[in-house]
file model_30.txt (compact mmCIF, C-alpha atoms)
# COMPACT_ATOMS: atom_id res chain seq x y z
CA MET A 8 29.86 -1.53 1.46
CA ILE A 9 28.73 -1.43 -2.13
CA LEU A 10 25.37 -2.89 -1.12
CA ALA A 11 24.92 -0.18 1.50
CA SER A 12 25.67 2.59 -0.98
CA THR A 13 23.29 0.95 -3.47
CA ALA A 14 20.53 0.97 -0.86
CA VAL A 15 21.14 4.63 -0.04
CA GLY A 16 21.15 5.52 -3.72
CA LEU A 17 17.90 3.66 -4.25
CA LEU A 18 16.30 5.50 -1.34
CA ILE A 19 17.34 8.83 -2.84
CA ALA A 20 15.92 7.77 -6.20
CA MET A 21 12.68 6.79 -4.44
CA ALA A 22 12.51 10.25 -2.88
CA PHE A 23 12.91 11.86 -6.31
CA ALA A 24 10.25 9.62 -7.86
CA LEU A 25 7.88 10.41 -4.99
CA THR A 26 8.45 14.11 -5.51
CA ARG A 27 7.51 13.78 -9.15
CA ALA A 28 4.46 11.71 -8.25
CA ILE A 29 3.28 14.44 -5.88
CA LYS A 30 4.09 17.45 -8.05
CA GLY A 31 3.54 15.89 -11.47
CA PRO A 32 1.32 18.24 -13.45
CA THR A 33 -0.10 15.56 -15.75
CA VAL A 34 -1.46 12.10 -15.04
CA TYR A 35 1.30 10.57 -17.14
CA ASP A 36 4.00 12.06 -14.92
CA ARG A 37 2.35 10.42 -11.96
CA ILE A 38 1.97 7.06 -13.72
CA LEU A 39 5.63 7.07 -14.71
CA ALA A 40 6.71 8.15 -11.24
CA SER A 41 4.71 5.49 -9.43
CA ASN A 42 5.95 2.89 -11.91
CA ALA A 43 9.54 3.96 -11.27
CA LEU A 44 8.84 3.86 -7.54
CA GLY A 45 7.58 0.29 -7.90
CA THR A 46 10.78 -0.68 -9.70
CA LYS A 47 12.88 0.95 -6.98
CA THR A 48 10.89 -0.95 -4.37
CA VAL A 49 11.65 -4.26 -6.06
CA LEU A 50 15.32 -3.36 -6.30
CA ILE A 51 15.58 -2.28 -2.68
CA ILE A 52 13.93 -5.51 -1.53
CA ALA A 53 16.51 -7.47 -3.51
CA VAL A 54 19.36 -5.39 -2.07
CA LEU A 55 17.97 -5.84 1.45
CA GLY A 56 17.88 -9.59 0.81
CA PHE A 57 21.60 -9.61 0.09
CA LEU A 58 22.26 -7.33 3.06
CA VAL A 59 20.34 -9.58 5.44
CA GLY A 60 22.01 -12.63 3.92
CA ASP A 61 18.88 -14.44 2.73
CA PRO A 62 18.56 -13.49 -0.95
CA GLY A 63 16.44 -16.49 -1.94
CA HIS A 64 13.29 -15.46 -0.10
CA TYR A 65 13.61 -11.77 -0.80
CA ILE A 66 14.04 -12.25 -4.53
CA ASP A 67 10.85 -14.33 -4.62
CA ILE A 68 9.01 -11.43 -2.99
CA ALA A 69 10.59 -8.98 -5.40
CA LEU A 70 9.40 -11.01 -8.37
CA MET A 71 5.84 -11.07 -7.02
CA TYR A 72 5.94 -7.30 -6.59
CA VAL A 73 6.81 -6.90 -10.25
CA LEU A 74 3.74 -8.92 -11.23
CA ILE A 75 1.41 -7.01 -8.91
CA GLY A 76 2.75 -3.60 -9.93
CA PHE A 77 1.96 -4.55 -13.51
CA ILE A 78 -1.74 -5.05 -12.65
CA GLY A 79 -1.93 -1.64 -10.97
CA THR A 80 -0.24 0.07 -13.91
CA ILE A 81 -2.62 -1.56 -16.39
CA ALA A 82 -5.63 -0.42 -14.33
CA VAL A 83 -4.38 3.16 -14.03
CA LEU A 84 -3.63 3.36 -17.75
CA LYS A 85 -7.03 1.94 -18.64
CA VAL A 86 -8.85 4.47 -16.47
CA SER A 87 -6.78 7.35 -17.82
CA GLU A 88 -7.47 6.26 -21.41
CA PHE A 89 -11.10 5.12 -21.22
CA GLY A 90 -12.39 7.02 -18.19
CA ASP A 91 -13.82 3.85 -16.68
CA LEU A 92 -12.61 0.36 -15.87
CA GLY A 93 -15.58 -1.33 -17.50
CA GLN A 94 -15.27 0.52 -20.79
CA THR A 95 -13.79 -1.33 -23.75
CA GLN A 96 -13.89 1.45 -26.34
CA PRO A 97 -12.16 4.82 -26.01
CA VAL A 98 -14.59 7.61 -25.19
CA ASP A 99 -14.72 10.64 -27.49
CA SER A 100 -13.52 13.05 -24.86
CA GLU A 101 -10.37 14.92 -24.04
CA PRO A 102 -7.62 12.79 -22.49
CA PRO A 103 -7.29 13.65 -18.80
CA LYS A 104 -4.82 16.37 -17.98
CA MET B 2 22.78 0.39 11.43
CA LEU B 3 21.90 0.51 7.76
CA ILE B 4 18.60 -1.26 8.41
CA GLU B 5 17.68 1.48 10.88
CA PHE B 6 18.52 4.08 8.27
CA VAL B 7 16.34 2.29 5.71
CA ASN B 8 13.55 2.15 8.28
CA ILE B 9 13.74 5.87 8.98
CA ALA B 10 13.95 6.78 5.29
CA ILE B 11 10.96 4.63 4.36
CA LEU B 12 8.92 5.97 7.30
CA ALA B 13 9.70 9.51 6.15
CA LEU B 14 8.60 8.65 2.60
CA LEU B 15 5.40 7.14 4.06
CA ALA B 16 4.64 10.33 5.97
CA VAL B 17 5.24 12.47 2.87
CA THR B 18 2.97 10.21 0.81
CA ALA B 19 0.19 10.36 3.39
CA LEU B 20 0.36 14.14 3.59
CA ALA B 21 0.31 14.39 -0.20
CA ALA B 22 -2.75 12.12 -0.35
CA ILE B 23 -4.52 14.51 2.01
CA ARG B 24 -3.41 17.66 0.21
CA LEU B 25 -4.12 16.61 -3.38
CA HIS B 26 -7.62 17.23 -4.72
CA ASP B 27 -7.38 15.13 -7.88
CA LEU B 28 -8.82 11.78 -6.78
CA PHE B 29 -6.98 9.98 -9.56
CA ALA B 30 -3.68 11.16 -8.09
CA VAL B 31 -4.88 10.31 -4.58
CA ALA B 32 -5.60 6.72 -5.65
CA MET B 33 -2.05 6.48 -6.99
CA MET B 34 -0.74 7.95 -3.73
CA PHE B 35 -2.52 5.15 -1.86
CA GLY B 36 -0.84 2.62 -4.17
CA ILE B 37 2.56 4.17 -3.46
CA TYR B 38 1.79 4.15 0.26
CA SER B 39 1.01 0.43 0.20
CA LEU B 40 4.19 -0.24 -1.76
CA LEU B 41 6.30 1.57 0.84
CA ALA B 42 4.42 -0.03 3.73
CA SER B 43 5.10 -3.47 2.30
CA VAL B 44 8.81 -2.63 2.18
CA MET B 45 8.50 -1.84 5.89
CA PHE B 46 6.92 -5.25 6.49
CA VAL B 47 9.72 -6.95 4.53
CA VAL B 48 12.29 -5.12 6.66
CA LEU B 49 10.45 -6.35 9.76
CA ASP B 50 10.67 -9.92 8.35
CA ALA B 51 6.87 -10.33 8.14
CA ILE B 52 6.91 -11.62 4.60
CA ASP B 53 3.30 -12.81 4.52
CA VAL B 54 1.97 -9.48 5.69
CA ALA B 55 4.08 -7.82 3.01
CA PHE B 56 2.62 -10.16 0.39
CA THR B 57 -0.90 -9.34 1.52
CA GLU B 58 -0.22 -5.63 1.64
CA ALA B 59 1.24 -5.68 -1.86
CA ALA B 60 -1.51 -7.82 -3.36
CA VAL B 61 -4.38 -6.00 -1.68
CA GLY B 62 -3.01 -2.47 -1.36
CA VAL B 63 -1.17 -2.06 -4.64
CA GLY B 64 -3.16 -4.41 -6.83
CA ILE B 65 -6.78 -4.85 -5.85
CA SER B 66 -7.57 -1.74 -3.86
CA THR B 67 -6.05 0.55 -6.50
CA VAL B 68 -8.24 -1.17 -9.08
CA LEU B 69 -11.32 -0.81 -6.85
CA MET B 70 -10.63 2.87 -6.18
CA LEU B 71 -10.13 3.57 -9.86
CA GLY B 72 -13.41 1.81 -10.60
CA THR B 73 -15.09 4.04 -8.02
CA ILE B 74 -13.53 7.13 -9.60
CA GLY B 75 -15.06 6.02 -12.90
CA LEU B 76 -18.45 6.15 -11.14
CA VAL B 77 -18.20 9.31 -9.06
CA GLY B 78 -15.94 11.62 -11.05
CA ARG B 79 -12.36 12.68 -10.65
CA HIS B 80 -12.40 15.84 -8.57
CA GLU B 81 -12.95 16.32 -4.90
CA GLN B 82 -15.51 18.97 -3.98
CA LYS B 83 -14.48 21.95 -1.94
CA PRO B 84 -15.26 21.31 1.73
CA ALA B 85 -18.03 23.49 3.05
CA HIS B 86 -16.44 24.19 6.44
CA ARG B 87 -13.17 25.61 7.71
CA PRO B 88 -10.52 23.03 8.66
CA LEU B 89 -9.42 24.83 11.85
CA LEU B 90 -11.66 23.08 14.37
CA PRO B 91 -11.01 19.55 13.00
CA ILE B 92 -7.26 20.24 12.99
CA LEU B 93 -7.47 21.37 16.62
CA VAL B 94 -9.42 18.27 17.67
CA VAL B 95 -7.07 15.93 15.79
CA THR B 96 -3.99 17.62 17.22
CA ILE B 97 -5.24 17.33 20.79
CA THR B 98 -6.27 13.71 20.30
CA GLY B 99 -2.94 12.85 18.67
CA ALA B 100 -1.01 14.56 21.45
CA ALA B 101 -2.98 12.60 24.04
CA LEU B 102 -2.25 9.34 22.21
CA VAL B 103 1.47 10.14 21.94
CA TYR B 104 1.45 10.98 25.66
CA GLY B 105 -0.18 7.61 26.28
CA THR B 106 2.58 5.77 24.37
CA LEU B 107 5.16 7.07 26.86
CA ASP B 108 3.97 4.41 29.31
CA MET B 109 4.15 1.61 26.75
CA PRO B 110 7.17 -0.72 26.53
CA LEU B 111 9.82 0.19 24.00
CA PHE B 112 9.91 -1.24 20.48
CA MET B 113 11.43 -4.77 20.52
CA ASP B 114 11.70 -4.72 24.33
CA PRO B 115 12.05 -8.39 25.35
CA ALA B 116 10.44 -7.67 28.76
CA ALA B 117 7.21 -6.36 27.21
CA PRO B 118 4.05 -8.30 28.16
CA ALA B 119 3.33 -9.07 24.51
CA GLN B 120 6.68 -10.90 24.25
CA GLN B 121 6.11 -12.97 27.38
CA HIS B 122 2.76 -14.64 26.77
CA VAL B 123 2.80 -17.05 23.81
CA ALA B 124 5.60 -15.53 21.72
CA PRO B 125 8.42 -17.61 23.33
CA TYR B 126 6.39 -20.77 22.79
CA TYR B 127 5.86 -19.91 19.11
CA LEU B 128 9.52 -19.00 18.62
CA ASN B 129 10.77 -22.17 20.30
CA GLU B 130 8.28 -24.73 19.04
CA SER B 131 7.25 -23.65 15.55
CA PRO B 132 10.28 -25.16 13.69
CA GLU B 133 9.43 -28.62 15.07
CA GLN B 134 5.64 -28.31 15.16
CA ILE B 135 4.98 -26.56 11.85
CA GLY B 136 8.20 -26.77 9.90
CA ILE B 137 7.93 -23.40 8.17
CA PRO B 138 11.16 -21.38 8.40
CA ASN B 139 9.41 -18.02 8.88
CA VAL B 140 7.71 -17.74 12.27
CA VAL B 141 5.20 -15.11 11.14
CA THR B 142 4.06 -17.43 8.37
CA SER B 143 3.62 -20.35 10.72
CA ILE B 144 1.59 -18.22 13.16
CA LEU B 145 -0.68 -16.87 10.42
CA ALA B 146 -1.14 -20.10 8.52
CA SER B 147 -1.19 -22.66 11.30
CA TYR B 148 -1.52 -21.39 14.89
CA ARG B 149 -4.16 -18.90 13.79
CA GLY B 150 -5.44 -20.92 10.86
CA TYR B 151 -9.09 -20.75 11.97
CA ASP B 152 -8.77 -17.00 12.40
CA THR B 153 -7.47 -16.66 8.84
CA LEU B 154 -10.25 -18.92 7.57
CA GLY B 155 -12.84 -16.70 9.29
CA GLU B 156 -11.30 -13.62 7.70
CA LEU B 157 -11.57 -15.28 4.31
CA ALA B 158 -15.28 -15.97 4.91
CA VAL B 159 -15.85 -12.33 5.90
CA ILE B 160 -14.03 -10.98 2.85
CA PHE B 161 -15.85 -13.37 0.53
CA THR B 162 -19.22 -12.30 1.97
CA ALA B 163 -18.31 -8.63 1.61
CA GLY B 164 -17.29 -9.21 -2.00
CA ILE B 165 -20.60 -10.90 -2.78
CA GLY B 166 -22.47 -8.00 -1.14
CA VAL B 167 -20.59 -5.37 -3.12
CA LEU B 168 -21.15 -7.28 -6.34
CA GLY B 169 -24.85 -7.52 -5.52
CA ILE B 170 -25.05 -3.76 -5.02
CA LEU B 171 -23.03 -2.83 -8.10
CA GLY B 172 -24.02 -5.45 -10.62
CA LEU B 173 -27.78 -5.86 -10.31
CA ARG B 174 -28.73 -3.75 -13.31
CA ARG B 175 -27.08 -1.93 -16.17
CA ARG B 176 -26.68 1.74 -15.49
CA LYS B 177 -25.86 4.79 -17.58
CA ARG B 178 -22.32 5.91 -17.06
CA PRO B 179 -22.29 9.42 -15.63
CA GLY B 180 -20.44 11.94 -17.73
CA HIS B 181 -20.26 9.80 -20.84
CA GLU B 182 -23.74 10.10 -22.32
CA GLY B 183 -23.99 9.15 -25.95
CA THR B 184 -21.43 6.36 -25.71
CA SER B 185 -23.84 3.57 -24.96
CA GLU B 186 -22.64 0.25 -26.18

call {"tool": "encode", "arguments": {"input": "model_30.txt", "output": "structure tokens"}}
result
Amino acid sequence: MILASTAVGLLIAMAFALTRAIKGPTVYDRILASNALGTKTVLIIAVLGFLVGDPGHYIDIALMYVLIGFIGTIAVLKVSEFGDLGQTQPVDSEPPK
Amino acid sequence: MLIEFVNIAILALLAVTALAAIRLHDLFAVAMMFGIYSLLASVMFVVLDAIDVAFTEAAVGVGISTVLMLGTIGLVGRHEQKPAHRPLLPILVVTITGAALVYGTLDMPLFMDPAAPAQQHVAPYYLNESPEQIGIPNVVTSILASYRGYDTLGELAVIFTAGIGVLGILGLRRRKRPGHEGTSE
């Protein structure tokens, strides 16, 4: 019962995060929203693991998602800061809006 | 019951994400929408118990392809150009085609129907024999890694060749970065 309500709550939180990612006026809103959505994804996979009754496998997957989401976040932040993935120095331009 | 609800909710989120990726004109945001879409799609694969496919979707969709798209945005600029034509005719064509495809699915067997032809060919053999033959608990994993091992190896060769080709195109000579003149290293 409590797992089911947790899953429903997580889905609602995912819907809110997705709304912010779509509407978000600045890039940073979107980065935060997609990061939060990644966290909710990991949590819902863990909850589903306990619901299905096989938490061992699902928690392994959840851990790998955390690692991969980190790579994506780093790439997005680097592009938003430097304007290019290959750049190593900040460019002297306005930060993206 | 709850799993069905999770399925429906995640499919709805997927549809919303796809529509947003079409509607948004900031390519940076569109790349992030694609990342979110892959994240949600991999949850779908986990719900369907295809853990390997979910791994691949997460690693490729969220990790690598977001990085590749962001690298492309660094080359081509962040904003989509206004389309030169009206969208009415394409919408009409797509709607008619989609309606025809949906009409075609009415003749297909239902989802998870055990009498479907796809479930009668080799699927029972895989389901019955893979614990003894392969010894991997997940049947999807044993099909991908063992029964179709040569297929997967061929895919790896194709992807490796494509990667070498792209690197050859992109990395042959140093280029000026568009939009950032005066910041040469």

call {"tool": "atom_distance", "arguments": {"input": "model_30.txt", "atom1": "CA of Ala116 in chain B", "atom2": "CA of Phe56 in chain B"}}
result
29.5 Å

call {"tool": "interface_residues", "arguments": {"input": "model_30.txt", "of": "chain B", "to": "chain A", "cutoff": "8 Å", "atoms": "all atoms listed in the file", "output": "tab-separated table (two decimals) with C-alpha atoms, in the frame of the given file"}}
result
chain	number	residue	atom	x	y	z
B	3	LEU	CA	21.90	0.51	7.76
B	7	VAL	CA	16.34	2.29	5.71
B	10	ALA	CA	13.95	6.78	5.29
B	11	ILE	CA	10.96	4.63	4.36
B	14	LEU	CA	8.60	8.65	2.60
B	18	THR	CA	2.97	10.21	0.81
B	21	ALA	CA	0.31	14.39	-0.20
B	30	ALA	CA	-3.68	11.16	-8.09
B	33	MET	CA	-2.05	6.48	-6.99
B	34	MET	CA	-0.74	7.95	-3.73
B	37	ILE	CA	2.56	4.17	-3.46
B	40	LEU	CA	4.19	-0.24	-1.76
B	41	LEU	CA	6.30	1.57	0.84
B	44	VAL	CA	8.81	-2.63	2.18
B	47	VAL	CA	9.72	-6.95	4.53
B	48	VAL	CA	12.29	-5.12	6.66
B	52	ILE	CA	6.91	-11.62	4.60
B	56	PHE	CA	2.62	-10.16	0.39
B	59	ALA	CA	1.24	-5.68	-1.86
B	60	ALA	CA	-1.51	-7.82	-3.36
B	63	VAL	CA	-1.17	-2.06	-4.64
B	64	GLY	CA	-3.16	-4.41	-6.83
B	65	ILE	CA	-6.78	-4.85	-5.85
B	67	THR	CA	-6.05	0.55	-6.50
B	68	VAL	CA	-8.24	-1.17	-9.08
B	71	LEU	CA	-10.13	3.57	-9.86
B	72	GLY	CA	-13.41	1.81	-10.60
B	74	ILE	CA	-13.53	7.13	-9.60
B	75	GLY	CA	-15.06	6.02	-12.90
B	76	LEU	CA	-18.45	6.15	-11.14
B	181	HIS	CA	-20.26	9.80	-20.84
B	184	THR	CA	-21.43	6.36	-25.71

call {"tool": "atom_distance", "arguments": {"input": "model_30.txt", "atom1": "CA of Met45 in chain B", "atom2": "CA of Asn8 in chain B"}}
result
6.9 Å

call {"tool": "closest_residue", "arguments": {"input": "model_30.txt", "among": "B:Leu154, B:Val61, B:Ile4, B:Ala101", "to": "Leu10 in chain A", "atoms": "only C-alpha atoms"}}
result
B:Ile4

call {"tool": "atom_distance", "arguments": {"input": "model_30.txt", "atom1": "CA of Ser66 in chain B", "atom2": "CA of Gly36 in chain B"}}
result
8.0 Å

call {"tool": "closest_residue", "arguments": {"input": "model_30.txt", "among": "A:Thr46, A:Pro32, A:Phe23, A:Leu17", "to": "Val73 in chain A", "atoms": "all atoms listed in the file"}}
result
A:Thr46

call {"tool": "axis_aligned_box", "arguments": {"input": "model_30.txt", "around": "range 61-69 of chain A", "padding_each_side": "3 Å", "output": "AutoDock Vina command-line options"}}
result
--center_x 13.9 --center_y -12.7 --center_z -1.3 --size_x 15.9 --size_y 13.5 --size_z 14.1

call {"tool": "closest_residue", "arguments": {"input": "model_30.txt", "among": "A:Leu70, A:Asp61, A:Lys47, A:Val54", "to": "Ile9 in chain A", "atoms": "only C-alpha atoms"}}
result
A:Val54

call {"tool": "closest_residue", "arguments": {"input": "model_30.txt", "among": "B:Ser143, B:Tyr104, B:Leu111, B:Ala16", "to": "Ser131 in chain B", "atoms": "all atoms listed in the file"}}
result
B:Ser143

call {"tool": "closest_residue", "arguments": {"input": "model_30.txt", "among": "B:Val77, B:Leu107, B:Val31, B:Ile170", "to": "Ala19 in chain B", "atoms": "only C-alpha atoms"}}
result
B:Val31

call {"tool": "build_atoms", "arguments": {"input": "model_30.txt", "residues": "range 60-71 of chain B", "atoms": "all heavy atoms", "output": "PDB file, in the frame of the given file"}}
result
ATOM      1  N   ALA B  60      -0.444  -7.319  -2.492  1.00  0.00           N
ATOM      2  CA  ALA B  60      -1.510  -7.820  -3.360  1.00  0.00           C
ATOM      3  C   ALA B  60      -2.776  -7.004  -3.190  1.00  0.00           C
ATOM      4  O   ALA B  60      -3.429  -6.624  -4.166  1.00  0.00           O
ATOM      5  CB  ALA B  60      -1.782  -9.288  -3.068  1.00  0.00           C
ATOM      6  N   VAL B  61      -3.135  -6.709  -1.927  1.00  0.00           N
ATOM      7  CA  VAL B  61      -4.380  -6.000  -1.680  1.00  0.00           C
ATOM      8  C   VAL B  61      -4.206  -4.498  -1.906  1.00  0.00           C
ATOM      9  O   VAL B  61      -4.984  -3.860  -2.605  1.00  0.00           O
ATOM     10  CB  VAL B  61      -4.878  -6.287  -0.242  1.00  0.00           C
ATOM     11  CG1 VAL B  61      -6.077  -5.442   0.070  1.00  0.00           C
ATOM     12  CG2 VAL B  61      -5.207  -7.735  -0.105  1.00  0.00           C
ATOM     13  N   GLY B  62      -3.157  -3.920  -1.313  1.00  0.00           N
ATOM     14  CA  GLY B  62      -3.010  -2.470  -1.360  1.00  0.00           C
ATOM     15  C   GLY B  62      -2.641  -1.949  -2.728  1.00  0.00           C
ATOM     16  O   GLY B  62      -3.230  -0.996  -3.218  1.00  0.00           O
ATOM     17  N   VAL B  63      -1.625  -2.573  -3.351  1.00  0.00           N
ATOM     18  CA  VAL B  63      -1.170  -2.060  -4.640  1.00  0.00           C
ATOM     19  C   VAL B  63      -2.059  -2.563  -5.759  1.00  0.00           C
ATOM     20  O   VAL B  63      -2.437  -1.812  -6.656  1.00  0.00           O
ATOM     21  CB  VAL B  63       0.297  -2.473  -4.886  1.00  0.00           C
ATOM     22  CG1 VAL B  63       0.801  -1.846  -6.153  1.00  0.00           C
ATOM     23  CG2 VAL B  63       1.150  -2.071  -3.720  1.00  0.00           C
ATOM     24  N   GLY B  64      -2.415  -3.848  -5.715  1.00  0.00           N
ATOM     25  CA  GLY B  64      -3.160  -4.410  -6.830  1.00  0.00           C
ATOM     26  C   GLY B  64      -4.645  -4.133  -6.740  1.00  0.00           C
ATOM     27  O   GLY B  64      -5.184  -3.263  -7.435  1.00  0.00           O
ATOM     28  N   ILE B  65      -5.326  -4.835  -5.819  1.00  0.00           N
ATOM     29  CA  ILE B  65      -6.780  -4.850  -5.850  1.00  0.00           C
ATOM     30  C   ILE B  65      -7.370  -3.513  -5.429  1.00  0.00           C
ATOM     31  O   ILE B  65      -8.287  -2.995  -6.073  1.00  0.00           O
ATOM     32  CB  ILE B  65      -7.301  -5.980  -4.956  1.00  0.00           C
ATOM     33  CG1 ILE B  65      -6.787  -7.315  -5.486  1.00  0.00           C
ATOM     34  CG2 ILE B  65      -8.808  -5.999  -4.953  1.00  0.00           C
ATOM     35  CD1 ILE B  65      -7.135  -7.554  -6.911  1.00  0.00           C
ATOM     36  N   SER B  66      -6.852  -2.915  -4.334  1.00  0.00           N
ATOM     37  CA  SER B  66      -7.570  -1.740  -3.860  1.00  0.00           C
ATOM     38  C   SER B  66      -7.349  -0.541  -4.778  1.00  0.00           C
ATOM     39  O   SER B  66      -8.240   0.302  -4.898  1.00  0.00           O
ATOM     40  CB  SER B  66      -7.206  -1.426  -2.414  1.00  0.00           C
ATOM     41  OG  SER B  66      -6.138  -0.572  -2.332  1.00  0.00           O
ATOM     42  N   THR B  67      -6.190  -0.488  -5.479  1.00  0.00           N
ATOM     43  CA  THR B  67      -6.050   0.550  -6.500  1.00  0.00           C
ATOM     44  C   THR B  67      -7.083   0.359  -7.598  1.00  0.00           C
ATOM     45  O   THR B  67      -7.723   1.326  -8.040  1.00  0.00           O
ATOM     46  CB  THR B  67      -4.638   0.501  -7.092  1.00  0.00           C
ATOM     47  OG1 THR B  67      -3.706   0.608  -6.041  1.00  0.00           O
ATOM     48  CG2 THR B  67      -4.421   1.619  -8.075  1.00  0.00           C
ATOM     49  N   VAL B  68      -7.262  -0.889  -8.024  1.00  0.00           N
ATOM     50  CA  VAL B  68      -8.240  -1.170  -9.080  1.00  0.00           C
ATOM     51  C   VAL B  68      -9.647  -0.787  -8.611  1.00  0.00           C
ATOM     52  O   VAL B  68     -10.415  -0.148  -9.353  1.00  0.00           O
ATOM     53  CB  VAL B  68      -8.157  -2.654  -9.476  1.00  0.00           C
ATOM     54  CG1 VAL B  68      -9.288  -3.018 -10.401  1.00  0.00           C
ATOM     55  CG2 VAL B  68      -6.851  -2.945 -10.132  1.00  0.00           C
ATOM     56  N   LEU B  69      -9.976  -1.141  -7.357  1.00  0.00           N
ATOM     57  CA  LEU B  69     -11.320  -0.810  -6.850  1.00  0.00           C
ATOM     58  C   LEU B  69     -11.515   0.693  -6.763  1.00  0.00           C
ATOM     59  O   LEU B  69     -12.584   1.213  -7.114  1.00  0.00           O
ATOM     60  CB  LEU B  69     -11.520  -1.450  -5.472  1.00  0.00           C
ATOM     61  CG  LEU B  69     -11.696  -2.965  -5.464  1.00  0.00           C
ATOM     62  CD1 LEU B  69     -11.864  -3.448  -4.050  1.00  0.00           C
ATOM     63  CD2 LEU B  69     -12.876  -3.357  -6.305  1.00  0.00           C
ATOM     64  N   MET B  70     -10.480   1.410  -6.288  1.00  0.00           N
ATOM     65  CA  MET B  70     -10.630   2.870  -6.180  1.00  0.00           C
ATOM     66  C   MET B  70     -10.758   3.512  -7.540  1.00  0.00           C
ATOM     67  O   MET B  70     -11.526   4.462  -7.716  1.00  0.00           O
ATOM     68  CB  MET B  70      -9.445   3.442  -5.420  1.00  0.00           C
ATOM     69  CG  MET B  70      -9.685   3.512  -3.946  1.00  0.00           C
ATOM     70  SD  MET B  70      -8.419   4.442  -3.167  1.00  0.00           S
ATOM     71  CE  MET B  70      -7.617   3.157  -2.285  1.00  0.00           C
ATOM     72  N   LEU B  71     -10.015   2.997  -8.516  1.00  0.00           N
ATOM     73  CA  LEU B  71     -10.130   3.570  -9.860  1.00  0.00           C
ATOM     74  C   LEU B  71     -11.512   3.292 -10.435  1.00  0.00           C
ATOM     75  O   LEU B  71     -12.097   4.162 -11.110  1.00  0.00           O
ATOM     76  CB  LEU B  71      -9.046   3.002 -10.763  1.00  0.00           C
ATOM     77  CG  LEU B  71      -7.639   3.476 -10.414  1.00  0.00           C
ATOM     78  CD1 LEU B  71      -6.626   2.743 -11.238  1.00  0.00           C
ATOM     79  CD2 LEU B  71      -7.511   4.958 -10.651  1.00  0.00           C
TER      80      LEU B  71
END
